[in-house]
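Student: Contents of coords_34.csv (CSV, N, CA and C atoms):
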chain,number,residue,atom,x,y,z
A,15,MET,N,10.4,-52.6,-58.7
A,15,MET,CA,10.5,-52.8,-57.3
A,15,MET,C,9.3,-53.5,-56.7
A,16,PRO,N,9.5,-54.5,-55.9
A,16,PRO,CA,8.4,-55.3,-55.4
A,16,PRO,C,7.5,-54.4,-54.4
A,17,ALA,N,6.3,-54.8,-54.3
A,17,ALA,CA,5.4,-54.1,-53.4
A,17,ALA,C,5.8,-54.1,-51.9
A,18,GLY,N,6.4,-55.2,-51.5
A,18,GLY,CA,6.9,-55.3,-50.1
A,18,GLY,C,8.0,-54.3,-49.8
A,19,ALA,N,8.9,-54.1,-50.8
A,19,ALA,CA,10.0,-53.2,-50.6
A,19,ALA,C,9.5,-51.8,-50.6
A,20,ILE,N,8.5,-51.4,-51.4
A,20,ILE,CA,8.0,-50.1,-51.3
A,20,ILE,C,7.3,-49.8,-50.0
A,21,HIS,N,6.6,-50.8,-49.5
A,21,HIS,CA,6.0,-50.7,-48.2
A,21,HIS,C,7.0,-50.5,-47.1
A,22,VAL,N,8.1,-51.2,-47.1
A,22,VAL,CA,9.2,-51.0,-46.1
A,22,VAL,C,9.8,-49.6,-46.3
A,23,LEU,N,10.0,-49.2,-47.6
A,23,LEU,CA,10.6,-47.9,-47.8
A,23,LEU,C,9.7,-46.7,-47.3
A,24,VAL,N,8.4,-46.9,-47.5
A,24,VAL,CA,7.4,-45.9,-47.0
A,24,VAL,C,7.4,-45.8,-45.5
A,25,GLN,N,7.6,-47.0,-44.9
A,25,GLN,CA,7.6,-47.0,-43.4
A,25,GLN,C,8.9,-46.3,-42.9
A,26,TYR,N,10.0,-46.5,-43.5
A,26,TYR,CA,11.2,-45.8,-43.1
A,26,TYR,C,11.1,-44.3,-43.4
A,27,LEU,N,10.5,-43.9,-44.5
A,27,LEU,CA,10.3,-42.5,-44.8
A,27,LEU,C,9.4,-41.9,-43.7
A,28,LEU,N,8.4,-42.5,-43.3
A,28,LEU,CA,7.5,-42.0,-42.3
A,28,LEU,C,8.2,-41.9,-40.9
A,29,LEU,N,9.0,-43.0,-40.7
A,29,LEU,CA,9.8,-43.0,-39.4
A,29,LEU,C,10.8,-41.8,-39.4
A,30,LEU,N,11.5,-41.6,-40.5
A,30,LEU,CA,12.4,-40.5,-40.6
A,30,LEU,C,11.8,-39.1,-40.5
A,31,THR,N,10.6,-39.0,-41.1
A,31,THR,CA,9.8,-37.8,-41.0
A,31,THR,C,9.4,-37.5,-39.6
A,32,GLY,N,8.9,-38.5,-38.9
A,32,GLY,CA,8.5,-38.4,-37.5
A,32,GLY,C,9.7,-38.0,-36.6
A,33,LEU,N,10.8,-38.7,-36.8
A,33,LEU,CA,12.0,-38.3,-36.1
A,33,LEU,C,12.5,-36.9,-36.3
A,34,GLY,N,12.4,-36.5,-37.6
A,34,GLY,CA,12.7,-35.1,-37.9
A,34,GLY,C,11.8,-34.1,-37.3
A,35,LEU,N,10.5,-34.4,-37.3
A,35,LEU,CA,9.5,-33.5,-36.6
A,35,LEU,C,9.8,-33.5,-35.1
A,36,LEU,N,10.1,-34.6,-34.5
A,36,LEU,CA,10.3,-34.7,-33.1
A,36,LEU,C,11.6,-33.9,-32.7
A,37,THR,N,12.6,-34.0,-33.6
A,37,THR,CA,13.9,-33.2,-33.4
A,37,THR,C,13.6,-31.7,-33.5
A,38,TYR,N,12.8,-31.3,-34.5
A,38,TYR,CA,12.5,-29.9,-34.7
A,38,TYR,C,11.7,-29.4,-33.4
A,39,LEU,N,10.7,-30.2,-33.0
A,39,LEU,CA,9.9,-29.8,-31.8
A,39,LEU,C,10.8,-29.7,-30.6
A,40,PHE,N,11.7,-30.6,-30.4
A,40,PHE,CA,12.7,-30.6,-29.3
A,40,PHE,C,13.5,-29.3,-29.3
A,41,LEU,N,14.0,-28.9,-30.5
A,41,LEU,CA,14.8,-27.7,-30.6
A,41,LEU,C,14.0,-26.5,-30.3
A,42,VAL,N,12.8,-26.4,-30.9
A,42,VAL,CA,11.9,-25.2,-30.7
A,42,VAL,C,11.6,-25.1,-29.2
A,43,LEU,N,11.2,-26.2,-28.5
A,43,LEU,CA,10.9,-26.2,-27.1
A,43,LEU,C,12.1,-25.8,-26.3
A,44,SER,N,13.2,-26.3,-26.6
A,44,SER,CA,14.5,-25.9,-25.9
A,44,SER,C,14.7,-24.4,-26.0
A,45,ARG,N,14.6,-23.9,-27.2
A,45,ARG,CA,14.8,-22.4,-27.4
A,45,ARG,C,13.7,-21.6,-26.6
A,46,GLU,N,12.5,-22.0,-26.6
A,46,GLU,CA,11.4,-21.3,-25.8
A,46,GLU,C,11.7,-21.4,-24.3
A,47,LEU,N,12.2,-22.6,-23.9
A,47,LEU,CA,12.5,-22.8,-22.5
A,47,LEU,C,13.6,-21.8,-22.1
A,48,ARG,N,14.6,-21.7,-22.9
A,48,ARG,CA,15.7,-20.8,-22.6
A,48,ARG,C,15.2,-19.3,-22.5
A,49,ARG,N,14.4,-18.9,-23.4
A,49,ARG,CA,13.8,-17.6,-23.4
A,49,ARG,C,12.9,-17.4,-22.2
A,50,ALA,N,12.2,-18.4,-21.8
A,50,ALA,CA,11.3,-18.2,-20.6
A,50,ALA,C,12.2,-18.1,-19.3
A,51,GLN,N,13.3,-18.8,-19.3
A,51,GLN,CA,14.2,-18.7,-18.2
A,51,GLN,C,14.8,-17.4,-18.1
A,52,GLN,N,15.2,-16.8,-19.2
A,52,GLN,CA,15.8,-15.5,-19.3
A,52,GLN,C,14.8,-14.4,-18.8
A,53,ARG,N,13.5,-14.5,-19.3
A,53,ARG,CA,12.5,-13.6,-18.8
A,53,ARG,C,12.3,-13.7,-17.3
A,54,GLN,N,12.3,-15.0,-16.8
A,54,GLN,CA,12.1,-15.2,-15.4
A,54,GLN,C,13.2,-14.6,-14.6
A,55,GLU,N,14.4,-14.7,-15.1
A,55,GLU,CA,15.6,-14.2,-14.4
A,55,GLU,C,15.5,-12.6,-14.3
A,56,LYS,N,15.1,-12.0,-15.4
A,56,LYS,CA,15.0,-10.6,-15.5
A,56,LYS,C,13.9,-10.1,-14.5
A,57,LEU,N,12.8,-10.8,-14.5
A,57,LEU,CA,11.7,-10.5,-13.6
A,57,LEU,C,12.1,-10.7,-12.2
A,58,SER,N,12.8,-11.7,-11.9
A,58,SER,CA,13.3,-12.0,-10.5
A,58,SER,C,14.2,-10.9,-10.0
A,59,SER,N,15.1,-10.5,-10.9
A,59,SER,CA,16.0,-9.4,-10.4
A,59,SER,C,15.3,-8.1,-10.3
A,60,ALA,N,14.3,-7.9,-11.1
A,60,ALA,CA,13.5,-6.6,-10.9
A,60,ALA,C,12.7,-6.7,-9.6
A,61,VAL,N,12.1,-7.8,-9.3
A,61,VAL,CA,11.4,-8.0,-8.0
A,61,VAL,C,12.4,-7.8,-6.8
A,62,GLU,N,13.5,-8.4,-6.9
A,62,GLU,CA,14.5,-8.2,-5.9
A,62,GLU,C,14.9,-6.8,-5.7
A,63,ALA,N,15.1,-6.0,-6.8
A,63,ALA,CA,15.5,-4.6,-6.7
A,63,ALA,C,14.3,-3.8,-6.0
A,64,TRP,N,13.1,-4.2,-6.4
A,64,TRP,CA,11.9,-3.5,-5.9
A,64,TRP,C,11.8,-3.8,-4.4
A,65,LEU,N,12.0,-5.0,-4.0
A,65,LEU,CA,12.0,-5.4,-2.5
A,65,LEU,C,13.1,-4.6,-1.8
A,66,ALA,N,14.3,-4.5,-2.4
A,66,ALA,CA,15.3,-3.8,-1.7
A,66,ALA,C,14.9,-2.3,-1.5
A,67,ARG,N,14.3,-1.7,-2.5
A,67,ARG,CA,13.8,-0.3,-2.4
A,67,ARG,C,12.8,-0.2,-1.3
A,68,CYS,N,11.9,-1.2,-1.2
A,68,CYS,CA,10.8,-1.2,-0.2
A,68,CYS,C,11.4,-1.3,1.2
A,69,GLU,N,12.4,-2.2,1.3
A,69,GLU,CA,13.0,-2.4,2.6
A,69,GLU,C,13.8,-1.1,3.1
A,70,ALA,N,14.4,-0.4,2.1
A,70,ALA,CA,15.1,0.8,2.4
A,70,ALA,C,14.1,1.9,2.9
A,71,ARG,N,12.9,2.0,2.2
A,71,ARG,CA,11.9,3.0,2.5
A,71,ARG,C,11.3,2.6,3.9
A,72,LEU,N,11.1,1.3,4.2
A,72,LEU,CA,10.6,0.9,5.4
A,72,LEU,C,11.5,1.3,6.6
A,73,THR,N,12.8,1.0,6.4
A,73,THR,CA,13.8,1.4,7.4
A,73,THR,C,13.8,2.9,7.6
A,74,GLU,N,13.7,3.7,6.5
A,74,GLU,CA,13.7,5.1,6.7
A,74,GLU,C,12.4,5.5,7.4
A,75,ALA,N,11.3,4.9,7.1
A,75,ALA,CA,10.0,5.3,7.8
A,75,ALA,C,10.1,4.9,9.3
A,76,GLU,N,10.7,3.7,9.6
A,76,GLU,CA,10.9,3.4,11.0
A,76,GLU,C,11.8,4.4,11.7
A,77,THR,N,12.9,4.8,11.1
A,77,THR,CA,13.8,5.8,11.7
A,77,THR,C,13.0,7.1,11.9
A,78,ARG,N,12.2,7.5,11.0
A,78,ARG,CA,11.5,8.8,11.2
A,78,ARG,C,10.4,8.6,12.3
A,79,ILE,N,9.8,7.5,12.4
A,79,ILE,CA,8.8,7.3,13.5
A,79,ILE,C,9.5,7.3,14.8
A,80,THR,N,10.7,6.7,14.9
A,80,THR,CA,11.5,6.7,16.2
A,80,THR,C,11.9,8.1,16.5
A,81,GLU,N,12.3,8.9,15.5
A,81,GLU,CA,12.7,10.3,15.7
A,81,GLU,C,11.5,11.1,16.2
A,82,PHE,N,10.4,10.9,15.6
A,82,PHE,CA,9.2,11.6,16.0
A,82,PHE,C,8.8,11.2,17.4
A,83,GLN,N,8.9,9.9,17.7
A,83,GLN,CA,8.5,9.5,19.1
A,83,GLN,C,9.5,10.1,20.1
A,84,ASP,N,10.7,10.2,19.8
A,84,ASP,CA,11.7,10.8,20.7
A,84,ASP,C,11.4,12.3,20.8
A,85,TRP,N,11.1,13.0,19.7
A,85,TRP,CA,10.7,14.4,19.8
A,85,TRP,C,9.5,14.6,20.6
A,86,ALA,N,8.5,13.8,20.3
A,86,ALA,CA,7.2,13.9,21.1
A,86,ALA,C,7.4,13.7,22.6
A,87,GLY,N,8.3,12.8,22.9
A,87,GLY,CA,8.6,12.6,24.3
A,87,GLY,C,9.2,13.8,25.0
A,88,THR,N,10.1,14.5,24.2
A,88,THR,CA,10.7,15.7,24.8
A,88,THR,C,9.8,16.9,24.8
A,89,GLN,N,8.7,16.8,24.0
A,89,GLN,CA,7.8,18.0,23.9
A,89,GLN,C,6.6,17.7,24.9
A,90,HIS,N,6.6,16.6,25.5
A,90,HIS,CA,5.5,16.3,26.4
A,90,HIS,C,4.1,16.3,25.7
A,91,VAL,N,4.2,15.8,24.5
A,91,VAL,CA,3.0,15.7,23.7
A,91,VAL,C,2.8,14.2,23.4
A,92,GLY,N,1.7,13.6,23.8
A,92,GLY,CA,1.5,12.2,23.6
A,92,GLY,C,0.0,11.9,23.3
A,93,PRO,N,-0.3,10.7,23.0
A,93,PRO,CA,-1.7,10.4,22.7
A,93,PRO,C,-2.6,10.6,23.8
A,94,ALA,N,-2.1,10.4,25.1
A,94,ALA,CA,-3.0,10.6,26.2
A,94,ALA,C,-3.5,12.1,26.2
A,95,LEU,N,-2.6,13.0,26.0
A,95,LEU,CA,-2.9,14.4,26.0
A,95,LEU,C,-3.9,14.8,24.8
A,96,TRP,N,-3.6,14.2,23.7
A,96,TRP,CA,-4.5,14.4,22.5
A,96,TRP,C,-5.9,13.9,22.8
A,97,GLN,N,-6.0,12.7,23.3
A,97,GLN,CA,-7.3,12.1,23.6
A,97,GLN,C,-8.0,12.9,24.7
A,98,GLN,N,-7.3,13.4,25.7
A,98,GLN,CA,-7.9,14.1,26.8
A,98,GLN,C,-8.5,15.4,26.3
A,99,SER,N,-7.9,16.1,25.3
A,99,SER,CA,-8.4,17.4,24.9
A,99,SER,C,-9.3,17.3,23.7
A,100,ALA,N,-9.5,16.2,23.1
A,100,ALA,CA,-10.4,16.1,21.9
A,100,ALA,C,-11.8,16.3,22.3
A,101,ILE,N,-12.5,17.1,21.4
A,101,ILE,CA,-13.9,17.4,21.6
A,101,ILE,C,-14.7,16.3,20.9
A,102,ASN,N,-15.5,15.5,21.6
A,102,ASN,CA,-16.3,14.5,20.9
A,102,ASN,C,-17.6,15.1,20.4
A,103,LEU,N,-18.4,14.3,19.8
A,103,LEU,CA,-19.7,14.8,19.2
A,103,LEU,C,-20.6,15.4,20.3
A,104,ASN,N,-20.7,14.7,21.4
A,104,ASN,CA,-21.6,15.1,22.5
A,104,ASN,C,-21.1,16.5,23.0
A,105,SER,N,-19.8,16.7,23.2
A,105,SER,CA,-19.3,18.0,23.7
A,105,SER,C,-19.6,19.1,22.7
A,106,ARG,N,-19.4,18.7,21.4
A,106,ARG,CA,-19.6,19.7,20.4
A,106,ARG,C,-21.1,20.2,20.4
A,107,THR,N,-22.0,19.2,20.5
A,107,THR,CA,-23.4,19.6,20.6
A,107,THR,C,-23.7,20.5,21.8
A,108,GLN,N,-23.1,20.1,22.9
A,108,GLN,CA,-23.4,20.9,24.1
A,108,GLN,C,-22.8,22.3,24.0
A,109,ILE,N,-21.6,22.4,23.4
A,109,ILE,CA,-21.0,23.8,23.2
A,109,ILE,C,-21.9,24.6,22.3
A,110,LEU,N,-22.3,24.1,21.2
A,110,LEU,CA,-23.2,24.9,20.3
A,110,LEU,C,-24.5,25.2,20.9
A,111,ARG,N,-25.1,24.3,21.7
A,111,ARG,CA,-26.3,24.6,22.4
A,111,ARG,C,-26.2,25.7,23.4
A,112,MET,N,-25.1,25.7,24.2
A,112,MET,CA,-24.9,26.7,25.2
A,112,MET,C,-24.5,28.1,24.5
A,113,HIS,N,-23.8,28.0,23.4
A,113,HIS,CA,-23.5,29.2,22.7
A,113,HIS,C,-24.8,29.9,22.2
A,114,ARG,N,-25.7,29.1,21.7
A,114,ARG,CA,-27.0,29.6,21.2
A,114,ARG,C,-27.8,30.3,22.3
A,115,ARG,N,-27.6,29.8,23.5
A,115,ARG,CA,-28.3,30.3,24.7
A,115,ARG,C,-27.7,31.6,25.1
A,116,GLY,N,-26.5,32.0,24.5
A,116,GLY,CA,-25.9,33.3,24.8
A,116,GLY,C,-24.8,33.2,25.8
A,117,GLU,N,-24.3,32.0,26.2
A,117,GLU,CA,-23.2,31.9,27.1
A,117,GLU,C,-21.9,32.2,26.4
A,118,ARG,N,-21.0,32.8,27.2
A,118,ARG,CA,-19.7,33.1,26.6
A,118,ARG,C,-18.8,31.9,26.6
A,119,PRO,N,-17.8,31.9,25.7
A,119,PRO,CA,-16.9,30.7,25.6
A,119,PRO,C,-16.2,30.4,26.9
A,120,GLU,N,-15.9,31.3,27.7
A,120,GLU,CA,-15.2,31.1,29.0
A,120,GLU,C,-16.1,30.2,29.9
A,121,GLN,N,-17.4,30.6,29.9
A,121,GLN,CA,-18.4,29.9,30.7
A,121,GLN,C,-18.6,28.5,30.2
A,122,ILE,N,-18.7,28.4,28.9
A,122,ILE,CA,-18.9,27.0,28.3
A,122,ILE,C,-17.7,26.1,28.6
A,123,ALA,N,-16.5,26.6,28.5
A,123,ALA,CA,-15.3,25.8,28.7
A,123,ALA,C,-15.2,25.4,30.2
A,124,ALA,N,-15.6,26.3,31.1
A,124,ALA,CA,-15.6,26.0,32.5
A,124,ALA,C,-16.6,24.9,32.8
A,125,ALA,N,-17.8,25.1,32.3
A,125,ALA,CA,-18.9,24.2,32.6
A,125,ALA,C,-18.7,22.8,32.0
A,126,LEU,N,-18.0,22.7,30.9
A,126,LEU,CA,-17.8,21.4,30.3
A,126,LEU,C,-16.4,20.8,30.6
A,127,SER,N,-15.6,21.5,31.3
A,127,SER,CA,-14.2,21.1,31.6
A,127,SER,C,-13.4,20.9,30.4
A,128,LEU,N,-13.5,21.9,29.4
A,128,LEU,CA,-12.7,21.8,28.2
A,128,LEU,C,-11.8,23.0,28.1
A,129,PRO,N,-10.7,22.8,27.3
A,129,PRO,CA,-9.8,24.0,27.1
A,129,PRO,C,-10.5,25.1,26.4
A,130,LEU,N,-10.3,26.3,26.8
A,130,LEU,CA,-11.0,27.5,26.2
A,130,LEU,C,-10.6,27.6,24.8
A,131,ASN,N,-9.4,27.4,24.4
A,131,ASN,CA,-9.0,27.6,23.0
A,131,ASN,C,-9.7,26.6,22.1
A,132,GLU,N,-10.0,25.4,22.6
A,132,GLU,CA,-10.8,24.4,21.7
A,132,GLU,C,-12.2,24.9,21.6
A,133,VAL,N,-12.8,25.4,22.6
A,133,VAL,CA,-14.2,25.9,22.5
A,133,VAL,C,-14.2,27.1,21.5
A,134,GLN,N,-13.3,28.0,21.7
A,134,GLN,CA,-13.2,29.1,20.7
A,134,GLN,C,-13.0,28.7,19.3
A,135,LEU,N,-12.1,27.7,19.1
A,135,LEU,CA,-11.9,27.2,17.7
A,135,LEU,C,-13.2,26.6,17.2
A,136,LEU,N,-13.9,25.8,18.0
A,136,LEU,CA,-15.1,25.2,17.5
A,136,LEU,C,-16.1,26.2,17.1
A,137,LEU,N,-16.3,27.3,17.9
A,137,LEU,CA,-17.2,28.3,17.6
A,137,LEU,C,-16.8,29.1,16.3
A,138,LYS,N,-15.5,29.3,16.2
A,138,LYS,CA,-15.1,30.0,14.9
A,138,LYS,C,-15.4,29.2,13.7
A,139,ILE,N,-15.1,27.9,13.8
A,139,ILE,CA,-15.4,27.0,12.7
A,139,ILE,C,-16.9,27.0,12.4
A,140,HIS,N,-17.7,26.9,13.4
A,140,HIS,CA,-19.1,26.9,13.3
A,140,HIS,C,-19.6,28.1,12.6
A,141,HIS,N,-19.1,29.3,13.0
A,141,HIS,CA,-19.5,30.5,12.4
A,141,HIS,C,-19.1,30.6,10.9
A,142,ALA,N,-17.9,30.1,10.7
A,142,ALA,CA,-17.3,30.2,9.3
A,142,ALA,C,-18.2,29.3,8.3
A,143,LEU,N,-18.7,28.2,8.8
A,143,LEU,CA,-19.5,27.3,8.0
A,143,LEU,C,-20.9,27.8,7.8
A,144,GLN,N,-21.4,28.8,8.6
A,144,GLN,CA,-22.8,29.2,8.4
A,144,GLN,C,-22.9,30.3,7.4
For the structure just supplied, provide its representation as structure tokens.
Tutor:
Amino acid sequence: MPAGAIHVLVQYLLLLTGLGLLTYLFLVLSRELRRAQQRQEKLSSAVEAWLARCEARLTEAETRITEFQDWAGTQHVGPALWQQSAINLNSRTQILRMHRRGERPEQIAAALSLPLNEVQLLLKIHHALQ
């Protein structure tokens, strides 16, 4: 066989080998792409299910909040009342100082314009912690 024919034959063999490798890579990549799409679809449906559960829980929480607000409205209990009766740090200090001086809880509540039960509760807690 002449050298030129061998040279052409080697070129064709290399070309066929290259085409075979390209075909193999195409098939492998197609298979991997299908697998990735399947994984993405599973993940997407899992996320959608999770979002649906979150939306249901949020709706339930909103319903409960509305029910509580309705209940609180009928009980005449609201944030203004809670803020009004809350003992701040300054009041707490004054209550304890007056108690150390020997004043009774009734006198302390009247002097500071605070509810008697809150003054008594603070004093009980203070005594329990000592």
Student: For atom C of Ile20 (chain A) and atom N of Tyr38 (chain A), determine how far apart the two atoms are, in Å to one decimal place.
Tutor: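 Atom N of Tyr38 (chain A) lies 24.8 Å from atom C of Ile20 (chain A).
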Student: Quick check, in Å to one decimal: how far apart do CA of Ser44 (chain A) and CA of Gly32 (chain A) lie?
Tutor: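 So the answer is 18.1 Å.
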Student: Set the distance at 8 Å and use only C-alpha atoms: which residues neighbour region 103-117 of chain A once local chain neighbours fewer than 3 positions away are removed? I'd like the list as a list in words.
Tutor: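 Selected residues are Gln121, Ile122, Leu126, Val133, Leu136 and Leu137 of chain A.
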Student: Can I get the selected residues back with N, CA and C atoms, as a compact mmCIF listing (two decimals), in the coordinates of the input?
Tutor:
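Dumped everything to again-v6.txt:
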# COMPACT_ATOMS: atom_id res chain seq x y z
N GLN A 121 -17.40 30.60 29.90
CA GLN A 121 -18.40 29.90 30.70
C GLN A 121 -18.60 28.50 30.20
N ILE A 122 -18.70 28.40 28.90
CA ILE A 122 -18.90 27.00 28.30
C ILE A 122 -17.70 26.10 28.60
N LEU A 126 -18.00 22.70 30.90
CA LEU A 126 -17.80 21.40 30.30
C LEU A 126 -16.40 20.80 30.60
N VAL A 133 -12.80 25.40 22.60
CA VAL A 133 -14.20 25.90 22.50
C VAL A 133 -14.20 27.10 21.50
N LEU A 136 -13.90 25.80 18.00
CA LEU A 136 -15.10 25.20 17.50
C LEU A 136 -16.10 26.20 17.10
N LEU A 137 -16.30 27.30 17.90
CA LEU A 137 -17.20 28.30 17.60
C LEU A 137 -16.80 29.10 16.30
Student: Which distance in Å separates CA of Glu81 (chain A) and CA of Glu132 (chain A), to one decimal?
Tutor: 28.1 Å
